[in-house]
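So this one's start01.csv, CSV, C-alpha atoms:
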chain,number,residue,atom,x,y,z
A,13,MET,CA,79.9,-18.1,116.1
A,14,SER,CA,81.0,-21.5,114.8
A,15,PRO,CA,83.5,-23.2,117.0
A,16,LEU,CA,85.4,-24.1,113.8
A,17,ALA,CA,85.6,-20.5,112.7
A,18,PRO,CA,89.3,-20.0,113.7
A,19,LEU,CA,90.3,-22.6,111.1
A,20,GLY,CA,88.3,-20.8,108.4
A,21,VAL,CA,85.7,-23.5,108.1
A,22,PHE,CA,82.4,-22.5,106.6
A,23,ALA,CA,79.2,-21.4,108.3
A,24,PHE,CA,76.1,-22.9,106.8
A,25,PRO,CA,73.1,-20.8,107.5
A,26,GLY,CA,70.7,-22.3,105.0
A,27,ILE,CA,69.7,-22.1,101.4
A,28,SER,CA,68.5,-18.9,99.8
A,29,GLY,CA,66.6,-20.5,96.9
A,30,GLY,CA,66.9,-19.9,93.2
A,31,ASP,CA,69.2,-20.9,90.4
A,32,PHE,CA,72.3,-19.2,91.8
A,33,GLU,CA,72.5,-20.1,95.4
A,34,SER,CA,75.0,-19.3,98.2
A,35,ILE,CA,76.2,-22.6,99.6
A,36,ALA,CA,78.7,-21.4,102.3
A,37,THR,CA,81.0,-18.5,103.2
A,38,VAL,CA,84.3,-18.5,105.0
A,39,THR,CA,85.3,-15.1,106.6
A,40,VAL,CA,88.6,-14.9,108.3
A,41,GLY,CA,88.6,-13.4,111.8
A,42,ALA,CA,91.1,-11.5,113.8
A,43,GLY,CA,93.2,-14.6,114.5
A,44,GLY,CA,93.8,-15.4,110.8
A,45,ALA,CA,93.3,-18.8,109.3
A,46,SER,CA,95.6,-21.3,107.7
A,47,VAL,CA,93.1,-22.6,105.2
A,48,ALA,CA,89.6,-21.9,104.0
A,49,SER,CA,87.6,-25.2,103.7
A,50,PHE,CA,84.3,-26.1,102.1
A,51,PRO,CA,83.6,-29.7,103.2
A,52,SER,CA,80.5,-31.7,102.3
A,53,ILE,CA,79.6,-29.8,99.1
A,54,PRO,CA,76.2,-30.9,98.0
A,55,SER,CA,76.0,-32.5,94.5
A,56,THR,CA,72.7,-30.9,93.7
A,57,PHE,CA,74.0,-28.1,91.5
A,58,LYS,CA,75.4,-28.1,88.0
A,59,HIS,CA,78.4,-25.7,88.5
A,60,LEU,CA,80.2,-24.0,91.3
A,61,GLN,CA,81.6,-20.5,91.6
A,62,ILE,CA,83.9,-19.2,94.3
A,63,ARG,CA,84.1,-15.4,94.7
A,64,PHE,CA,86.9,-14.1,97.0
A,65,VAL,CA,88.8,-11.2,98.4
A,66,ALA,CA,92.0,-12.3,100.1
A,67,ARG,CA,95.2,-11.3,101.7
A,68,SER,CA,97.9,-13.5,103.3
A,69,THR,CA,100.4,-12.6,105.9
A,70,ASN,CA,103.5,-13.5,103.9
A,71,SER,CA,106.4,-11.0,103.9
A,72,ASP,CA,105.8,-10.0,100.3
A,73,ASN,CA,103.3,-7.8,98.6
A,74,MET,CA,101.6,-10.5,96.6
A,75,ASP,CA,100.9,-14.2,96.9
A,76,ASN,CA,99.1,-17.0,95.1
A,77,LEU,CA,96.4,-19.4,96.1
A,78,PHE,CA,96.5,-23.2,96.2
A,79,ILE,CA,93.3,-25.2,95.8
A,80,ASN,CA,93.0,-28.9,96.7
A,81,LEU,CA,90.0,-30.9,95.7
A,82,ASN,CA,88.6,-33.9,97.7
A,83,SER,CA,91.8,-33.9,99.7
A,84,ASP,CA,93.6,-35.3,96.7
A,85,SER,CA,97.3,-34.4,97.1
A,86,SER,CA,98.6,-36.7,94.2
A,87,SER,CA,100.0,-35.3,91.0
A,88,ASN,CA,96.6,-34.9,89.4
A,89,TYR,CA,96.4,-31.2,88.7
A,90,SER,CA,97.6,-28.9,85.9
A,91,PHE,CA,97.2,-25.2,85.1
A,92,HIS,CA,97.8,-22.6,82.5
A,93,TYR,CA,97.7,-18.8,82.8
A,94,LEU,CA,97.9,-15.6,80.9
A,95,LEU,CA,99.0,-12.6,82.9
A,96,GLY,CA,99.5,-8.9,82.6
A,97,ASP,CA,101.9,-7.1,85.0
A,98,GLY,CA,101.2,-3.6,83.9
A,99,SER,CA,104.0,-3.5,81.3
A,100,SER,CA,104.0,-6.8,79.5
A,101,VAL,CA,102.0,-10.0,79.1
A,102,GLY,CA,103.2,-13.5,80.0
A,103,SER,CA,102.1,-17.0,80.1
A,104,GLY,CA,102.9,-20.2,82.0
A,105,ALA,CA,101.8,-23.7,82.8
A,106,GLY,CA,102.4,-26.6,85.1
A,107,ALA,CA,101.6,-30.2,84.8
A,108,SER,CA,101.4,-33.1,87.2
A,109,GLN,CA,100.9,-30.7,90.1
A,110,THR,CA,99.8,-31.9,93.6
A,111,LYS,CA,97.4,-28.9,93.9
A,112,VAL,CA,95.8,-26.2,91.7
A,113,VAL,CA,97.8,-23.0,91.6
A,114,THR,CA,95.4,-20.3,91.0
A,115,GLY,CA,94.3,-16.9,92.3
A,116,ARG,CA,96.3,-13.7,93.0
A,117,ILE,CA,96.1,-12.1,96.4
A,118,THR,CA,97.9,-9.4,98.3
A,119,SER,CA,100.2,-10.2,101.2
A,120,GLY,CA,101.8,-8.7,104.3
A,121,THR,CA,103.9,-5.9,102.9
A,122,ALA,CA,101.1,-4.6,100.6
A,123,ALA,CA,99.4,-1.3,101.6
A,124,SER,CA,97.1,-1.9,104.5
A,125,ASN,CA,93.5,-2.7,103.5
A,126,ALA,CA,94.6,-3.8,100.0
A,127,PHE,CA,93.2,-7.2,99.0
A,128,GLY,CA,93.4,-9.3,95.9
A,129,ALA,CA,90.2,-10.7,94.3
A,130,GLY,CA,89.0,-13.4,92.0
A,131,ILE,CA,86.1,-15.4,90.6
A,132,ILE,CA,86.7,-19.1,90.1
A,133,ASP,CA,84.2,-21.2,88.1
A,134,ILE,CA,84.1,-25.0,88.3
A,135,ALA,CA,82.1,-26.5,85.5
A,136,ASP,CA,80.1,-29.7,86.0
A,137,TYR,CA,81.7,-30.3,89.3
A,138,ALA,CA,79.4,-33.3,90.2
A,139,SER,CA,80.0,-35.2,87.0
A,140,THR,CA,81.4,-38.7,87.5
A,141,ASN,CA,82.3,-39.2,83.8
A,142,LYS,CA,84.7,-36.3,83.1
A,143,ASN,CA,87.8,-34.6,84.6
A,144,LYS,CA,87.1,-31.3,86.2
A,145,THR,CA,88.0,-27.9,84.7
A,146,LEU,CA,88.4,-24.6,86.6
A,147,LYS,CA,88.8,-21.1,85.4
A,148,ASN,CA,89.7,-18.0,87.3
A,149,LEU,CA,89.7,-14.2,86.7
A,150,THR,CA,91.9,-12.8,89.4
A,151,GLY,CA,94.1,-9.9,90.1
A,152,VAL,CA,95.8,-7.4,92.4
A,153,ASP,CA,96.2,-3.7,91.9
A,154,LEU,CA,98.5,-1.8,94.4
A,155,ASN,CA,98.4,1.7,92.8
A,156,GLY,CA,101.6,1.3,90.9
A,157,ALA,CA,102.1,-2.5,91.1
A,158,GLY,CA,100.0,-5.6,90.7
A,159,ASN,CA,98.9,-7.9,88.0
A,160,ILE,CA,95.8,-9.4,86.3
A,161,TRP,CA,95.6,-13.1,85.6
A,162,LEU,CA,93.4,-15.5,83.5
A,163,TRP,CA,93.9,-19.0,84.9
A,164,SER,CA,92.6,-22.4,83.7
A,165,ALA,CA,93.2,-25.6,85.7
A,166,GLY,CA,92.4,-29.2,85.4
A,167,TRP,CA,91.9,-31.9,88.0
A,168,PHE,CA,92.4,-35.3,86.3
A,169,ASN,CA,89.8,-37.2,88.3
A,170,THR,CA,86.2,-38.1,87.4
A,171,SER,CA,85.0,-38.0,91.0
A,172,ALA,CA,82.4,-35.5,91.9
A,173,ILE,CA,83.9,-32.6,93.9
A,174,SER,CA,82.7,-32.9,97.4
A,175,SER,CA,85.3,-30.7,99.2
A,176,ILE,CA,87.5,-27.7,98.4
A,177,THR,CA,90.4,-26.5,100.5
A,178,ILE,CA,92.1,-23.2,99.8
A,179,ALA,CA,95.4,-22.0,101.1
A,180,ALA,CA,98.0,-19.4,100.5
A,181,ALA,CA,100.9,-20.6,98.3
A,182,SER,CA,103.4,-19.1,100.8
A,183,GLY,CA,102.1,-21.3,103.5
A,184,THR,CA,101.2,-18.3,105.7
A,185,ASN,CA,97.8,-17.5,107.1
A,186,PHE,CA,95.0,-15.7,105.5
A,187,ALA,CA,94.6,-12.3,107.0
A,188,GLN,CA,91.5,-10.9,108.7
A,189,HIS,CA,88.7,-9.9,106.4
A,190,THR,CA,89.7,-12.5,103.8
A,191,GLN,CA,86.5,-14.0,102.5
A,192,PHE,CA,85.7,-16.9,100.2
A,193,ALA,CA,82.1,-17.4,99.1
A,194,LEU,CA,80.9,-20.6,97.5
A,195,TYR,CA,77.9,-20.5,95.2
A,196,GLY,CA,76.0,-23.3,93.4
A,197,ILE,CA,74.5,-22.8,89.9
A,198,LYS,CA,71.7,-25.0,88.9
A,199,GLY,CA,71.4,-26.3,85.4
B,21,MET,CA,63.0,-16.5,100.0
B,22,ALA,CA,65.7,-13.8,99.4
B,23,LYS,CA,67.5,-14.2,96.1
B,24,THR,CA,71.2,-14.7,96.0
B,25,TYR,CA,71.8,-13.0,92.6
B,26,GLU,CA,69.3,-10.2,92.3
B,27,PRO,CA,68.9,-7.3,89.8
B,28,ILE,CA,69.1,-3.9,91.7
B,29,ALA,CA,68.4,-1.5,88.8
B,30,THR,CA,68.6,-1.1,85.0
B,31,LEU,CA,69.4,2.2,83.4
B,32,ALA,CA,69.4,3.2,79.8
B,33,GLY,CA,71.5,5.9,78.2
B,34,THR,CA,69.7,9.2,77.9
B,35,GLY,CA,71.8,10.9,75.3
B,36,ALA,CA,73.9,12.3,78.1
B,37,SER,CA,77.6,11.5,78.7
B,38,SER,CA,77.0,9.6,82.0
B,39,ILE,CA,74.6,7.5,84.0
B,40,ILE,CA,74.7,7.0,87.7
B,41,PHE,CA,73.4,4.3,90.1
B,42,SER,CA,72.6,6.0,93.4
B,43,SER,CA,71.6,4.8,96.8
B,44,ILE,CA,73.0,1.4,96.3
B,45,PRO,CA,71.9,-0.8,99.2
B,46,GLY,CA,74.6,-2.3,101.4
B,47,THR,CA,72.9,-5.6,101.8
B,48,PHE,CA,74.8,-7.6,99.2
B,49,THR,CA,78.3,-9.0,99.2
B,50,ASP,CA,79.4,-8.2,95.6
B,51,LEU,CA,77.9,-6.0,92.8
B,52,VAL,CA,78.0,-6.9,89.1
B,53,LEU,CA,77.5,-4.2,86.5
B,54,VAL,CA,76.7,-5.2,83.0
B,55,MET,CA,77.1,-2.6,80.3
B,56,ASN,CA,76.1,-3.3,76.7
B,57,GLY,CA,75.7,-1.0,73.8
B,58,THR,CA,77.4,1.9,72.0
B,59,ALA,CA,78.5,5.4,72.4
B,60,SER,CA,77.8,8.3,70.0
B,61,SER,CA,81.5,8.4,69.1
B,62,ASP,CA,84.8,6.8,70.2
B,63,THR,CA,85.4,7.3,73.9
B,64,ASN,CA,87.0,5.8,76.9
B,65,VAL,CA,84.6,4.8,79.6
B,66,PHE,CA,85.4,5.9,83.2
B,67,VAL,CA,83.9,4.8,86.5
B,68,GLU,CA,83.6,7.0,89.6
B,69,LEU,CA,82.6,5.7,92.9
B,70,ASN,CA,80.7,7.6,95.6
B,71,GLY,CA,81.3,10.8,93.7
B,72,ASP,CA,85.0,10.6,94.5
B,73,THR,CA,87.0,12.6,91.9
B,74,SER,CA,90.2,12.6,93.9
B,75,ASN,CA,93.3,10.6,92.7
B,76,ASN,CA,92.2,7.5,94.6
B,77,TYR,CA,92.0,5.1,91.6
B,78,SER,CA,94.3,2.7,89.8
B,79,VAL,CA,94.1,0.0,87.2
B,80,THR,CA,96.2,-2.9,85.9
B,81,ALA,CA,94.9,-4.5,82.7
B,82,MET,CA,95.9,-6.6,79.7
B,83,THR,CA,94.4,-6.5,76.2
B,84,GLY,CA,94.5,-8.3,72.9
B,85,ASP,CA,93.6,-6.6,69.7
B,86,GLY,CA,94.0,-9.4,67.2
B,87,SER,CA,97.6,-8.7,66.3
B,88,SER,CA,99.3,-8.3,69.7
B,89,ALA,CA,98.7,-8.6,73.4
B,90,SER,CA,99.8,-5.9,75.9
B,91,SER,CA,99.5,-4.8,79.5
B,92,TYR,CA,99.3,-1.4,81.0
B,93,ARG,CA,98.9,0.2,84.4
B,94,ASN,CA,97.7,3.6,85.7
B,95,ALA,CA,98.0,5.0,89.2
B,96,ASN,CA,96.7,7.9,91.2
B,97,TYR,CA,93.9,8.7,88.7
B,98,ALA,CA,90.7,10.5,89.4
B,99,ALA,CA,88.5,7.6,88.2
B,100,LEU,CA,88.8,4.0,87.2
B,101,GLN,CA,90.1,4.6,83.7
B,102,SER,CA,90.9,2.1,81.0
B,103,LEU,CA,89.2,-0.7,82.9
B,104,PHE,CA,85.7,-0.5,81.4
B,105,GLY,CA,87.3,-0.1,78.0
B,106,TYR,CA,86.5,2.0,74.9
B,107,PHE,CA,83.1,2.4,73.3
B,108,GLY,CA,82.0,3.8,70.0
B,109,THR,CA,79.4,3.1,67.4
B,110,ALA,CA,80.3,-0.5,66.8
B,111,GLY,CA,79.2,-1.8,70.1
B,112,GLY,CA,80.6,-3.8,73.0
B,113,MET,CA,80.0,-5.0,76.5
B,114,VAL,CA,81.7,-5.0,79.8
B,115,LEU,CA,81.1,-6.9,83.1
B,116,GLY,CA,82.5,-5.2,86.2
B,117,HIS,CA,82.6,-7.1,89.5
B,118,PHE,CA,82.8,-4.8,92.6
B,119,MET,CA,84.0,-7.3,95.2
B,120,SER,CA,83.0,-7.0,98.9
B,121,TYR,CA,81.7,-3.5,98.0
B,122,ALA,CA,80.2,-2.8,101.3
B,123,ASN,CA,83.0,-4.1,103.5
B,124,ALA,CA,84.2,-1.1,105.6
B,125,ALA,CA,87.5,-2.8,106.4
B,126,ILE,CA,89.1,-3.0,102.9
B,127,ASN,CA,89.9,-1.0,99.9
B,128,LYS,CA,87.6,-1.8,97.0
B,129,VAL,CA,88.7,-4.1,94.2
B,130,VAL,CA,86.9,-4.2,90.8
B,131,LEU,CA,87.5,-7.0,88.3
B,132,ALA,CA,86.4,-6.4,84.7
B,133,ARG,CA,86.1,-8.3,81.4
B,134,TYR,CA,85.5,-6.0,78.4
B,135,ASN,CA,84.8,-7.0,74.8
B,136,TYR,CA,84.5,-4.6,71.9
B,137,VAL,CA,83.2,-6.1,68.6
B,138,SER,CA,85.6,-4.3,66.3
B,139,ASN,CA,88.9,-4.4,68.0
B,140,LEU,CA,89.6,-5.4,71.6
B,141,THR,CA,89.3,-7.8,74.5
B,142,LEU,CA,90.4,-6.8,77.9
B,143,ALA,CA,90.8,-8.2,81.4
B,144,GLY,CA,91.6,-5.9,84.3
B,145,VAL,CA,91.6,-5.2,88.0
B,146,GLY,CA,91.0,-1.8,89.5
B,147,LEU,CA,91.5,-0.4,93.0
B,148,TRP,CA,89.6,2.4,94.8
B,149,ARG,CA,91.7,3.3,97.8
B,150,SER,CA,88.8,3.8,100.1
B,151,ASN,CA,87.3,1.6,102.8
B,152,SER,CA,83.9,3.3,102.3
B,153,ALA,CA,81.0,1.1,101.2
B,154,ILE,CA,80.1,1.8,97.6
B,155,THR,CA,76.8,3.6,97.5
B,156,SER,CA,76.9,5.1,94.0
B,157,ILE,CA,78.5,4.1,90.7
B,158,LYS,CA,78.8,6.7,87.9
B,159,VAL,CA,79.7,5.5,84.4
B,160,LYS,CA,80.8,8.3,82.1
B,161,THR,CA,82.5,9.1,78.8
B,162,SER,CA,85.9,10.7,78.7
B,163,ASN,CA,84.9,13.3,76.2
B,164,SER,CA,81.7,14.7,74.6
B,165,ALA,CA,80.5,11.3,73.5
B,166,THR,CA,77.1,10.3,74.9
B,167,PHE,CA,75.3,7.1,75.6
B,168,PRO,CA,72.2,6.5,73.4
B,169,THR,CA,69.0,5.0,74.8
B,170,SER,CA,69.9,1.6,73.3
B,171,THR,CA,72.9,1.3,75.6
B,172,LYS,CA,71.9,-0.5,78.8
B,173,PHE,CA,73.4,-0.7,82.2
B,174,THR,CA,72.2,-3.3,84.7
B,175,LEU,CA,73.4,-3.6,88.3
B,176,TYR,CA,73.1,-6.9,90.2
B,177,GLY,CA,73.7,-7.7,93.8
B,178,ILE,CA,75.1,-11.1,94.9
B,179,LYS,CA,74.5,-12.1,98.5
B,180,ALA,CA,76.8,-14.6,100.2
B,181,ALA,CA,75.5,-16.8,103.0
Could you take the file, read its structure, and then write that structure out as structure tokens?
Amino acid sequence: MSPLAPLGVFAFPGISGGDFESIATVTVGAGGASVASFPSIPSTFKHLQIRFVARSTNSDNMDNLFINLNSDSSSNYSFHYLLGDGSSVGSGAGASQTKVVTGRITSGTAASNAFGAGIIDIADYASTNKNKTLKNLTGVDLNGAGNIWLWSAGWFNTSAISSITIAAASGTNFAQHTQFALYGIKG
Amino acid sequence: MAKTYEPIATLAGTGASSIIFSSIPGTFTDLVLVMNGTASSDTNVFVELNGDTSNNYSVTAMTGDGSSASSYRNANYAALQSLFGYFGTAGGMVLGHFMSYANAAINKVVLARYNYVSNLTLAGVGLWRSNSAITSIKVKTSNSATFPTSTKFTLYGIKAA
């Protein structure tokens, strides 16, 4: 077991080969984890994808995710979303944010064993001549509650993405069995 | 080297009202089901997991039909309903992501994006309230409609490090 595992830092067992490759996976153990981190992301792919199931320990039934790129905590992020809550649709946005708000997960008061899930795509992450765009299909269903979201987000920075840090918006820990898997797509 | 994103099986419609992927290996992290084609007549498309026909399924989804957007929910249903959309003779496609399908510690979450050429786009999330690893996926019509041989179903496995 990695000595860094309690912090939710990735284990790096090696490359699987092919055009869609697993880069690293963070799986939260019994002690929980405050963040999930992917440091030192190689620049050898064209796009990235993060696939996750997640739950936080907040005293609510749902929570959001924050994503920070390259440890940038300046007001360089924006987002838009379209959501359905089971009875109506809605939309929202945020500009000049200090982190990306994206991802819908369950939290502490949700039925046990219930997790939210999502698929985040980051296009052309290693480009040094354009800002970065993220999109996310994410949702929670709690058998009578929940919502489905389509998110888009921007990082106004032309640096290649070399690290990704994910945290629960509530500031609480990720619960055991939360998993974030980072994949690289060649182009 | 082992592949990260690997086709498991492809099925074609047989003129019957359902298809089923059985004996799904538990060696991947996520499953992706791609369905593309038509049905013999208008029908909802339901998904059953592991032969479970008890009221252990629920869905939250949103749709746009070209004139309005809406959201709906169902709970305690006997299959994933209104997540894989509606099919008819015009044609459509759906991608269903079965996340952490083999994890015995969590209920199973399915994310779907559905597109029907003549009238609808959909994004949705489904829940199967079972911790069992998914070993079979049945896709079926809600009525007497059938899947022709031109309708294809491909199941992929994605393996995390």
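You will find CA of Tyr137 in chain A at 13.6 Å from CA of Asn80 in chain A.
Across the model, the gap from CA of Asn88 in chain A to CA of Ile62 in chain A is 20.8 Å.
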Selection near Ser162 in chain B, 9 Å with only C-alpha atoms, sequence-local residues under 2 positions removed, as an MDAnalysis selection string: chainID B and resid 37 63:66 101 160 164:165
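For the pair CA of Leu60 in chain A and CA of Thr155 in chain B, the separation is 28.5 Å.
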Chain B contacts to chain A at 9 Å (all atoms listed in the file) as an NGL selection string: :B and (21-25 or 50 or 76-83 or 89-96 or 119-120 or 123 or 125-133 or 143-147 or 149-151 or 178-181)
Residues near Thr174 in chain B, cut-off 12 Å, only C-alpha atoms, skip fewer than 3 positions along chain, as an NGL selection string: :B and (26-33 or 39-41 or 51-57 or 113-116 or 157 or 159 or 171 or 177)
Residue neighbourhood Asn139 in chain B, 10 Å, all atoms listed in the file, exclusion window fewer than 5 positions, as a list in words: Gly84, Asp85, Gly86, Ser87, Tyr106, Ala110 and Gly112 of chain B
Around the point (90.8, -37.3, 98.9), in the coordinates given by the file, pick out the residues reaching within 10 Å, counting only C-alpha atoms, and return them as a PDB file with C-alpha atoms, in the frame of the given file.
ATOM      1  CA  ASN A  80      93.000 -28.900  96.700  1.00  0.00           C
ATOM      2  CA  LEU A  81      90.000 -30.900  95.700  1.00  0.00           C
ATOM      3  CA  ASN A  82      88.600 -33.900  97.700  1.00  0.00           C
ATOM      4  CA  SER A  83      91.800 -33.900  99.700  1.00  0.00           C
ATOM      5  CA  ASP A  84      93.600 -35.300  96.700  1.00  0.00           C
ATOM      6  CA  SER A  85      97.300 -34.400  97.100  1.00  0.00           C
ATOM      7  CA  SER A  86      98.600 -36.700  94.200  1.00  0.00           C
ATOM      8  CA  SER A 171      85.000 -38.000  91.000  1.00  0.00           C
ATOM      9  CA  ILE A 173      83.900 -32.600  93.900  1.00  0.00           C
ATOM     10  CA  SER A 174      82.700 -32.900  97.400  1.00  0.00           C
ATOM     11  CA  SER A 175      85.300 -30.700  99.200  1.00  0.00           C
TER      12      SER A 175
END
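Taking only C-alpha atoms into account, Asn185 in chain A lies nearest to A:Leu77 out of the set A:Val112, A:Ala172, A:Leu77, A:Leu146.
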Neighbours of point (82.3, 6.1, 96.7) within 6 Å, using all atoms listed in the file, written as a ChimeraX atom specification: /B:69-72,154
Using the atoms already present, construct N, CA, C and O atoms for range 35-56 of chain B and hand them back as an mmCIF file, in the coordinates of the input.
data_model
loop_
_atom_site.group_PDB
_atom_site.id
_atom_site.type_symbol
_atom_site.label_atom_id
_atom_site.label_comp_id
_atom_site.auth_asym_id
_atom_site.auth_seq_id
_atom_site.Cartn_x
_atom_site.Cartn_y
_atom_site.Cartn_z
ATOM 1 N N GLY B 35 71.216 9.909 76.187
ATOM 2 C CA GLY B 35 71.800 10.900 75.300
ATOM 3 C C GLY B 35 72.699 11.855 76.045
ATOM 4 O O GLY B 35 73.173 12.846 75.485
ATOM 5 N N ALA B 36 72.955 11.528 77.303
ATOM 6 C CA ALA B 36 73.900 12.300 78.100
ATOM 7 C C ALA B 36 75.237 11.526 78.140
ATOM 8 O O ALA B 36 75.345 10.401 77.678
ATOM 9 N N SER B 37 76.239 12.144 78.724
ATOM 10 C CA SER B 37 77.600 11.500 78.700
ATOM 11 C C SER B 37 77.817 10.669 79.953
ATOM 12 O O SER B 37 78.936 10.163 80.135
ATOM 13 N N SER B 38 76.811 10.468 80.788
ATOM 14 C CA SER B 38 77.000 9.600 82.000
ATOM 15 C C SER B 38 75.660 9.070 82.434
ATOM 16 O O SER B 38 74.590 9.579 82.075
ATOM 17 N N ILE B 39 75.765 8.017 83.206
ATOM 18 C CA ILE B 39 74.600 7.500 84.000
ATOM 19 C C ILE B 39 75.153 7.263 85.386
ATOM 20 O O ILE B 39 76.362 7.128 85.606
ATOM 21 N N ILE B 40 74.234 7.170 86.323
ATOM 22 C CA ILE B 40 74.700 7.000 87.700
ATOM 23 C C ILE B 40 73.648 6.088 88.446
ATOM 24 O O ILE B 40 72.441 6.305 88.367
ATOM 25 N N PHE B 41 74.183 5.069 89.126
ATOM 26 C CA PHE B 41 73.400 4.300 90.100
ATOM 27 C C PHE B 41 73.617 4.910 91.444
ATOM 28 O O PHE B 41 74.754 4.986 91.923
ATOM 29 N N SER B 42 72.566 5.346 92.058
ATOM 30 C CA SER B 42 72.600 6.000 93.400
ATOM 31 C C SER B 42 71.928 5.170 94.416
ATOM 32 O O SER B 42 71.126 4.295 94.097
ATOM 33 N N SER B 43 72.234 5.482 95.660
ATOM 34 C CA SER B 43 71.600 4.800 96.800
ATOM 35 C C SER B 43 71.630 3.320 96.704
ATOM 36 O O SER B 43 70.638 2.622 96.933
ATOM 37 N N ILE B 44 72.797 2.801 96.365
ATOM 38 C CA ILE B 44 73.000 1.400 96.300
ATOM 39 C C ILE B 44 72.891 0.756 97.676
ATOM 40 O O ILE B 44 73.601 1.188 98.581
ATOM 41 N N PRO B 45 72.015 -0.220 97.884
ATOM 42 C CA PRO B 45 71.900 -0.800 99.200
ATOM 43 C C PRO B 45 73.155 -1.553 99.629
ATOM 44 O O PRO B 45 73.844 -2.117 98.776
ATOM 45 N N GLY B 46 73.422 -1.576 100.912
ATOM 46 C CA GLY B 46 74.600 -2.300 101.400
ATOM 47 C C GLY B 46 74.372 -3.679 101.847
ATOM 48 O O GLY B 46 75.160 -4.243 102.605
ATOM 49 N N THR B 47 73.308 -4.277 101.358
ATOM 50 C CA THR B 47 72.900 -5.600 101.800
ATOM 51 C C THR B 47 73.429 -6.765 101.064
ATOM 52 O O THR B 47 73.195 -7.908 101.453
ATOM 53 N N PHE B 48 74.181 -6.516 99.997
ATOM 54 C CA PHE B 48 74.800 -7.600 99.200
ATOM 55 C C PHE B 48 76.240 -7.767 99.585
ATOM 56 O O PHE B 48 76.791 -7.014 100.387
ATOM 57 N N THR B 49 76.877 -8.754 98.955
ATOM 58 C CA THR B 49 78.300 -9.000 99.200
ATOM 59 C C THR B 49 79.108 -8.391 98.001
ATOM 60 O O THR B 49 80.086 -7.689 98.203
ATOM 61 N N ASP B 50 78.705 -8.718 96.782
ATOM 62 C CA ASP B 50 79.400 -8.200 95.600
ATOM 63 C C ASP B 50 78.313 -7.513 94.710
ATOM 64 O O ASP B 50 77.118 -7.826 94.775
ATOM 65 N N LEU B 51 78.768 -6.609 93.866
ATOM 66 C CA LEU B 51 77.900 -6.000 92.800
ATOM 67 C C LEU B 51 78.494 -6.447 91.462
ATOM 68 O O LEU B 51 79.712 -6.595 91.302
ATOM 69 N N VAL B 52 77.600 -6.627 90.498
ATOM 70 C CA VAL B 52 78.000 -6.900 89.100
ATOM 71 C C VAL B 52 77.304 -5.874 88.229
ATOM 72 O O VAL B 52 76.088 -5.731 88.279
ATOM 73 N N LEU B 53 78.071 -5.136 87.448
ATOM 74 C CA LEU B 53 77.500 -4.200 86.500
ATOM 75 C C LEU B 53 77.737 -4.673 85.101
ATOM 76 O O LEU B 53 78.863 -4.945 84.701
ATOM 77 N N VAL B 54 76.656 -4.797 84.378
ATOM 78 C CA VAL B 54 76.700 -5.200 83.000
ATOM 79 C C VAL B 54 76.360 -4.038 82.115
ATOM 80 O O VAL B 54 75.285 -3.455 82.242
ATOM 81 N N MET B 55 77.269 -3.672 81.241
ATOM 82 C CA MET B 55 77.100 -2.600 80.300
ATOM 83 C C MET B 55 77.126 -3.134 78.894
ATOM 84 O O MET B 55 78.062 -3.839 78.551
ATOM 85 N N ASN B 56 76.138 -2.824 78.089
ATOM 86 C CA ASN B 56 76.100 -3.300 76.700
ATOM 87 C C ASN B 56 75.550 -2.274 75.808
ATOM 88 O O ASN B 56 74.463 -1.744 76.052
#
